[in-house]
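Trainee: Got a structure for you, final.pdb, holding PDB, C-alpha atoms.
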ATOM      1  CA  MET G   1       0.000   0.000   0.000
ATOM      2  CA  THR G   2       1.184   3.496  -0.842
ATOM      3  CA  ASN G   3       0.753   6.173   1.821
ATOM      4  CA  ILE G   4       0.415   9.641   0.329
ATOM      5  CA  ILE G   5       0.913  12.681   2.537
ATOM      6  CA  GLY G   6      -0.161  16.279   2.114
ATOM      7  CA  THR G   7      -2.661  18.811   0.901
ATOM      8  CA  TYR G   8      -1.808  20.933  -2.124
ATOM      9  CA  GLU G   9      -3.550  23.844  -3.798
ATOM     10  CA  CYS G  10      -3.367  24.213  -7.547
ATOM     11  CA  LYS G  11      -5.337  25.386 -10.553
ATOM     12  CA  ILE G  12      -7.085  23.599 -13.369
ATOM     13  CA  ASP G  13      -7.050  25.062 -16.877
ATOM     14  CA  ALA G  14      -9.951  25.434 -19.313
ATOM     15  CA  LYS G  15      -9.103  22.060 -20.892
ATOM     16  CA  GLY G  16      -9.360  20.259 -17.531
ATOM     17  CA  ARG G  17      -5.624  19.860 -16.962
ATOM     18  CA  LEU G  18      -4.020  20.330 -13.588
ATOM     19  CA  MET G  19      -0.318  20.480 -12.854
ATOM     20  CA  VAL G  20       0.545  17.857 -10.240
ATOM     21  CA  PRO G  21       2.687  19.589  -7.585
ATOM     22  CA  ALA G  22       6.285  18.286  -7.598
ATOM     23  CA  PRO G  23       6.328  17.254  -3.899
ATOM     24  CA  LEU G  24       3.201  15.193  -4.514
ATOM     25  CA  LYS G  25       4.471  13.695  -7.760
ATOM     26  CA  LYS G  26       7.561  12.397  -5.918
ATOM     27  CA  GLN G  27       5.318  10.410  -3.561
ATOM     28  CA  LEU G  28       3.237   8.755  -6.235
ATOM     29  CA  PRO G  29       4.057   5.187  -7.197
ATOM     30  CA  SER G  30       5.217   4.323 -10.682
ATOM     31  CA  LEU G  31       3.832   6.997 -12.980
ATOM     32  CA  GLU G  32       4.058   4.591 -15.922
ATOM     33  CA  ASP G  33       1.361   2.365 -14.407
ATOM     34  CA  GLY G  34      -1.177   5.176 -14.634
ATOM     35  CA  PHE G  35      -4.066   6.110 -12.410
ATOM     36  CA  VAL G  36      -7.810   5.796 -12.154
ATOM     37  CA  LEU G  37     -10.097   8.785 -11.649
ATOM     38  CA  LYS G  38     -13.562   8.231 -10.210
ATOM     39  CA  ARG G  39     -16.406   9.915  -8.388
ATOM     40  CA  SER G  40     -16.197   9.774  -4.628
ATOM     41  CA  VAL G  41     -18.820   7.589  -2.980
ATOM     42  CA  PHE G  42     -19.435   9.940  -0.034
ATOM     43  CA  ASP G  43     -18.272  13.411  -1.084
ATOM     44  CA  LYS G  44     -18.571  15.847  -3.954
ATOM     45  CA  CYS G  45     -15.008  15.310  -5.118
ATOM     46  CA  VAL G  46     -12.997  13.128  -7.498
ATOM     47  CA  GLU G  47     -10.668  10.373  -6.324
ATOM     48  CA  LEU G  48      -7.324   9.619  -7.946
ATOM     49  CA  TRP G  49      -6.286   6.009  -7.403
ATOM     50  CA  PRO G  50      -2.791   4.736  -8.225
ATOM     51  CA  LYS G  51      -3.348   1.774 -10.556
ATOM     52  CA  ALA G  52      -1.956  -0.734  -8.037
ATOM     53  CA  GLU G  53      -4.406   0.472  -5.378
ATOM     54  CA  TRP G  54      -7.257   0.316  -7.896
ATOM     55  CA  ASP G  55      -6.337  -3.257  -8.780
ATOM     56  CA  LEU G  56      -6.572  -4.209  -5.095
ATOM     57  CA  MET G  57     -10.029  -2.650  -4.900
ATOM     58  CA  MET G  58     -11.099  -4.489  -8.048
ATOM     59  CA  LEU G  59     -10.131  -7.792  -6.399
ATOM     60  CA  LYS G  60     -12.638  -6.979  -3.641
ATOM     61  CA  ILE G  61     -15.317  -5.794  -6.070
ATOM     62  CA  ASN G  62     -14.924  -8.938  -8.188
ATOM     63  CA  LYS G  63     -15.800 -11.094  -5.168
ATOM     64  CA  LEU G  64     -19.323  -9.643  -5.135
ATOM     65  CA  ASN G  65     -22.074 -11.846  -6.523
ATOM     66  CA  ARG G  66     -23.450  -9.943  -9.514
ATOM     67  CA  PHE G  67     -26.685 -11.931  -9.394
ATOM     68  CA  ASN G  68     -27.503 -10.075  -6.194
ATOM     69  CA  LYS G  69     -29.301  -6.864  -7.238
ATOM     70  CA  LYS G  70     -27.796  -4.716  -4.452
ATOM     71  CA  ASN G  71     -24.308  -5.844  -5.411
ATOM     72  CA  ASN G  72     -25.001  -5.168  -9.079
ATOM     73  CA  ASP G  73     -26.406  -1.699  -8.310
ATOM     74  CA  PHE G  74     -23.413  -0.931  -6.099
ATOM     75  CA  ILE G  75     -20.934  -1.966  -8.789
ATOM     76  CA  ARG G  76     -22.681   0.175 -11.399
ATOM     77  CA  LYS G  77     -22.668   3.261  -9.175
ATOM     78  CA  PHE G  78     -19.136   2.651  -7.914
ATOM     79  CA  MET G  79     -17.831   2.394 -11.479
ATOM     80  CA  ALA G  80     -19.800   5.395 -12.817
ATOM     81  CA  GLY G  81     -17.470   7.919 -14.421
ATOM     82  CA  VAL G  82     -14.315   5.809 -13.955
ATOM     83  CA  LYS G  83     -11.452   6.856 -16.247
ATOM     84  CA  MET G  84      -7.905   5.599 -16.756
ATOM     85  CA  VAL G  85      -5.509   8.565 -16.780
ATOM     86  CA  GLU G  86      -1.800   9.276 -16.909
ATOM     87  CA  ILE G  87       0.378  12.151 -15.830
ATOM     88  CA  ASP G  88       1.844  13.555 -19.046
ATOM     89  CA  ASP G  89       5.486  14.508 -19.647
ATOM     90  CA  ALA G  90       4.721  18.076 -18.536
ATOM     91  CA  GLY G  91       3.416  16.786 -15.181
ATOM     92  CA  ARG G  92      -0.252  17.432 -15.970
ATOM     93  CA  LEU G  93      -3.280  15.303 -15.257
ATOM     94  CA  LEU G  94      -6.413  15.556 -17.411
ATOM     95  CA  VAL G  95      -9.750  15.510 -15.563
ATOM     96  CA  SER G  96     -12.740  14.823 -17.805
ATOM     97  CA  LYS G  97     -15.614  17.282 -18.026
ATOM     98  CA  ASP G  98     -18.145  14.884 -16.472
ATOM     99  CA  LEU G  99     -15.953  14.467 -13.383
ATOM    100  CA  ILE G 100     -15.301  18.216 -13.180
ATOM    101  CA  ASP G 101     -19.062  18.788 -13.290
ATOM    102  CA  PHE G 102     -19.746  16.076 -10.697
ATOM    103  CA  ALA G 103     -17.297  17.639  -8.225
ATOM    104  CA  GLY G 104     -18.268  21.240  -8.962
ATOM    105  CA  ILE G 105     -14.644  22.036  -9.726
ATOM    106  CA  SER G 106     -13.879  25.588 -10.767
ATOM    107  CA  LYS G 107     -10.424  27.047 -11.385
ATOM    108  CA  ASP G 108      -8.968  26.674  -7.883
ATOM    109  CA  LEU G 109      -8.708  23.196  -6.457
ATOM    110  CA  VAL G 110      -7.166  21.159  -3.680
ATOM    111  CA  LEU G 111      -5.394  17.808  -3.963
ATOM    112  CA  THR G 112      -5.434  16.086  -0.604
ATOM    113  CA  SER G 113      -4.304  12.685   0.578
ATOM    114  CA  LYS G 114      -6.717  10.063   1.830
ATOM    115  CA  VAL G 115      -4.114   7.519   2.942
ATOM    116  CA  ASN G 116      -3.488   5.569  -0.288
ATOM    117  CA  ILE G 117      -5.452   7.693  -2.778
ATOM    118  CA  LEU G 118      -5.906  11.394  -3.504
ATOM    119  CA  GLU G 119      -9.036  13.492  -3.497
ATOM    120  CA  ILE G 120      -9.447  16.340  -5.968
ATOM    121  CA  TRP G 121     -11.754  19.054  -4.620
ATOM    122  CA  ASP G 122     -12.971  22.439  -5.683
ATOM    123  CA  LYS G 123     -11.122  24.657  -3.180
ATOM    124  CA  GLU G 124     -14.270  26.279  -1.767
ATOM    125  CA  LEU G 125     -16.056  22.932  -1.346
ATOM    126  CA  TYR G 126     -12.974  21.451   0.333
ATOM    127  CA  GLU G 127     -12.817  24.306   2.827
ATOM    128  CA  GLN G 128     -16.497  23.780   3.601
ATOM    129  CA  SER G 129     -15.970  20.038   4.086
ATOM    130  CA  ILE G 130     -13.237  20.500   6.691
ATOM    131  CA  SER G 131     -14.725  23.547   8.418
ATOM    132  CA  GLY G 132     -16.331  21.381  11.088
ATOM    133  CA  ASP G 133     -19.738  23.000  10.845
ATOM    134  CA  ASP G 134     -21.466  19.660  10.400
ATOM    135  CA  MET G 135     -19.639  17.678  13.084
ATOM    136  CA  ASP G 136     -17.390  17.869  16.095
ATOM    137  CA  PHE G 137     -14.105  16.334  14.962
ATOM    138  CA  ALA G 138     -13.070  15.367  18.499
ATOM    139  CA  ASP G 139     -16.273  13.330  18.912
ATOM    140  CA  LEU G 140     -15.789  11.746  15.483
ATOM    141  CA  ALA G 141     -12.162  10.863  16.268
ATOM    142  CA  GLU G 142     -13.197   9.247  19.539
ATOM    143  CA  GLU G 143     -15.971   7.268  17.866
ATOM    144  CA  VAL G 144     -13.846   6.064  14.947
ATOM    145  CA  MET G 145     -10.441   5.609  16.585
ATOM    146  CA  GLY G 146     -11.220   5.400  20.305
ATOM    147  CA  ASN G 147     -11.709   1.646  20.523
ATOM    148  CA  LEU G 148      -8.683   0.572  18.514
ATOM    149  CA  ASN G 149      -6.397  -1.786  20.364
ATOM    150  CA  ASP G 150      -3.024  -1.933  18.745
ATOM    151  CA  ASP G 151       0.669  -1.985  19.599
ATOM    152  CA  PHE G 152       1.209   1.758  19.203
ATOM    153  CA  ASN G 153       1.558   3.441  22.580
ATOM    154  CA  GLY G 154       1.421   7.142  23.207
ATOM    155  CA  ILE G 155       0.044   8.107  19.790
ATOM    156  CA  SER G 156      -2.404  10.973  19.827
TER     157      SER G 156
END
Mind turning the file's structure into C-alpha cells?
Mentor:
Amino acid sequence: MTNIIGTYECKIDAKGRLMVPAPLKKQLPSLEDGFVLKRSVFDKCVELWPKAEWDLMMLKINKLNRFNKKNNDFIRKFMAGVKMVEIDDAGRLLVSKDLIDFAGISKDLVLTSKVNILEIWDKELYEQSISGDDMDFADLAEEVMGNLNDDFNGIS
C-alpha cells in the first residue's frame, strides 16, 4: 500500500488539466502504471487512485455476486465515471468534463491525501468540508479511533 501525505492547492485550466505539484508527484508510485479517476462515494469530489491500489479494490469488487441486485447496483454506481488517466510529460493530469461537473470544480482546487489515494476538490467545497460546521471532529475521532487496540503506545 502506498501512503500519500499532504494537501496541495493548484489550478485547473480550461481544458481540464491540472499540474501535479512536484512534492506530490515524488510520492506517487510508478507513474508509468497510470491512475484511475472516479467519483467519490461519499463526497462531492474526485478520487485519484494509483493503478496498483485500484487493482486491489477491483479484487474486492470482483468477489461480489453480480446476481444479487444490491451488489449489481453498487458496482454500477461505484464504477460510474471511472477513467484511466496518466500524468503527461509536462506533469499534468487531465480531468474529464463529467468528473469536473460532478465535483463542482472551478479554477482553484485542492489535492489532498486520503491515505493511499488522492481526493481532488474544488477549493471552496474542500474548505467547507473541513470547516467542522457539520460535526465535532473530536467526537468523530473518539468514535472512529477510540476503541482501537493496537501496539502503538502514546500516539495521539
Trainee: Between atom CA of Met84 of chain G and atom CA of Lys15 of chain G, what distance in Å does the model show, to one decimal?
Mentor: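 According to the coordinates, atom CA of Met84 of chain G and atom CA of Lys15 of chain G are separated by 17.0 Å.
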Trainee: Mind listing as a list in words all residues within 9 Å of (-17.3, 1.5, -8.3), counting all atoms listed in the file?
Mentor: Lys38, Arg39, Val41, Met58, Ile61, Phe74, Ile75, Arg76, Lys77, Phe78, Met79, Ala80, Gly81 and Val82 of chain G
Trainee: Using only C-alpha atoms, please write the residues we just selected to a file, as a PDB file, keeping the file's coordinate frame.
Mentor:
ATOM      1  CA  LYS G  38     -13.562   8.231 -10.210  1.00  0.00           C
ATOM      2  CA  ARG G  39     -16.406   9.915  -8.388  1.00  0.00           C
ATOM      3  CA  VAL G  41     -18.820   7.589  -2.980  1.00  0.00           C
ATOM      4  CA  MET G  58     -11.099  -4.489  -8.048  1.00  0.00           C
ATOM      5  CA  ILE G  61     -15.317  -5.794  -6.070  1.00  0.00           C
ATOM      6  CA  PHE G  74     -23.413  -0.931  -6.099  1.00  0.00           C
ATOM      7  CA  ILE G  75     -20.934  -1.966  -8.789  1.00  0.00           C
ATOM      8  CA  ARG G  76     -22.681   0.175 -11.399  1.00  0.00           C
ATOM      9  CA  LYS G  77     -22.668   3.261  -9.175  1.00  0.00           C
ATOM     10  CA  PHE G  78     -19.136   2.651  -7.914  1.00  0.00           C
ATOM     11  CA  MET G  79     -17.831   2.394 -11.479  1.00  0.00           C
ATOM     12  CA  ALA G  80     -19.800   5.395 -12.817  1.00  0.00           C
ATOM     13  CA  GLY G  81     -17.470   7.919 -14.421  1.00  0.00           C
ATOM     14  CA  VAL G  82     -14.315   5.809 -13.955  1.00  0.00           C
TER      15      VAL G  82
END
Trainee: Applied to this file, what does the PyMOL selection byres ((chain G and resi 20) around 10) return in terms of residues, put as a ChimeraX atom specification?
Mentor: /G:8-11,17-19,21-26,87-88,90-93,111
Trainee: Between atom CA of Asp108 of chain G and atom CA of Val36 of chain G, measure the distance and give it in Å to one decimal.
Mentor: 21.3 Å
Trainee: Evaluating the PyMOL selection byres ((chain G and resi 5) around 8) on the displayed file yields which residues, as a list in words?
Mentor: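 When the PyMOL selection byres ((chain G and resi 5) around 8) is applied to the shown file, the picked residues are Asn3, Ile4, Gly6, Thr7, Leu24, Gln27, Thr112, Ser113 and Val115 of chain G.
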Trainee: Could you check the closest approach to Phe35 of chain G for each of G:Leu59, G:Lys107, G:Leu118, G:Asn65 and tell me which residue wins, using all atoms listed in the file?
Mentor: G:Leu118
Trainee: Assuming the chain letters and numbering stay as they are in my file, what does the PyMOL selection byres ((chain G and resi 121) around 8) actually select? List them as a PyMOL selection string.
Mentor: chain G and resi 44-46+103+105+109-111+119-120+122-123+125-126
Trainee: Write the residues of the preceding selection, restricted to C-alpha atoms, as a PDB file, in the coordinates of the input.
Mentor:
ATOM      1  CA  LYS G  44     -18.571  15.847  -3.954  1.00  0.00           C
ATOM      2  CA  CYS G  45     -15.008  15.310  -5.118  1.00  0.00           C
ATOM      3  CA  VAL G  46     -12.997  13.128  -7.498  1.00  0.00           C
ATOM      4  CA  ALA G 103     -17.297  17.639  -8.225  1.00  0.00           C
ATOM      5  CA  ILE G 105     -14.644  22.036  -9.726  1.00  0.00           C
ATOM      6  CA  LEU G 109      -8.708  23.196  -6.457  1.00  0.00           C
ATOM      7  CA  VAL G 110      -7.166  21.159  -3.680  1.00  0.00           C
ATOM      8  CA  LEU G 111      -5.394  17.808  -3.963  1.00  0.00           C
ATOM      9  CA  GLU G 119      -9.036  13.492  -3.497  1.00  0.00           C
ATOM     10  CA  ILE G 120      -9.447  16.340  -5.968  1.00  0.00           C
ATOM     11  CA  ASP G 122     -12.971  22.439  -5.683  1.00  0.00           C
ATOM     12  CA  LYS G 123     -11.122  24.657  -3.180  1.00  0.00           C
ATOM     13  CA  LEU G 125     -16.056  22.932  -1.346  1.00  0.00           C
ATOM     14  CA  TYR G 126     -12.974  21.451   0.333  1.00  0.00           C
TER      15      TYR G 126
END
Trainee: Given all atoms listed in the file as the basis, pick out the residue of G:Asp33, G:Glu53, G:Asp89, G:Asp101 nearest to Asn116 of chain G.
Mentor: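 The shortest atom-to-atom distance to Asn116 of chain G comes from G:Glu53.
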Trainee: Would you work out the distance separating atom CA of Gln128 of chain G from atom CA of Lys114 of chain G, expressed in Å to one decimal?
Mentor: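 These two atoms are separated by 16.9 Å.
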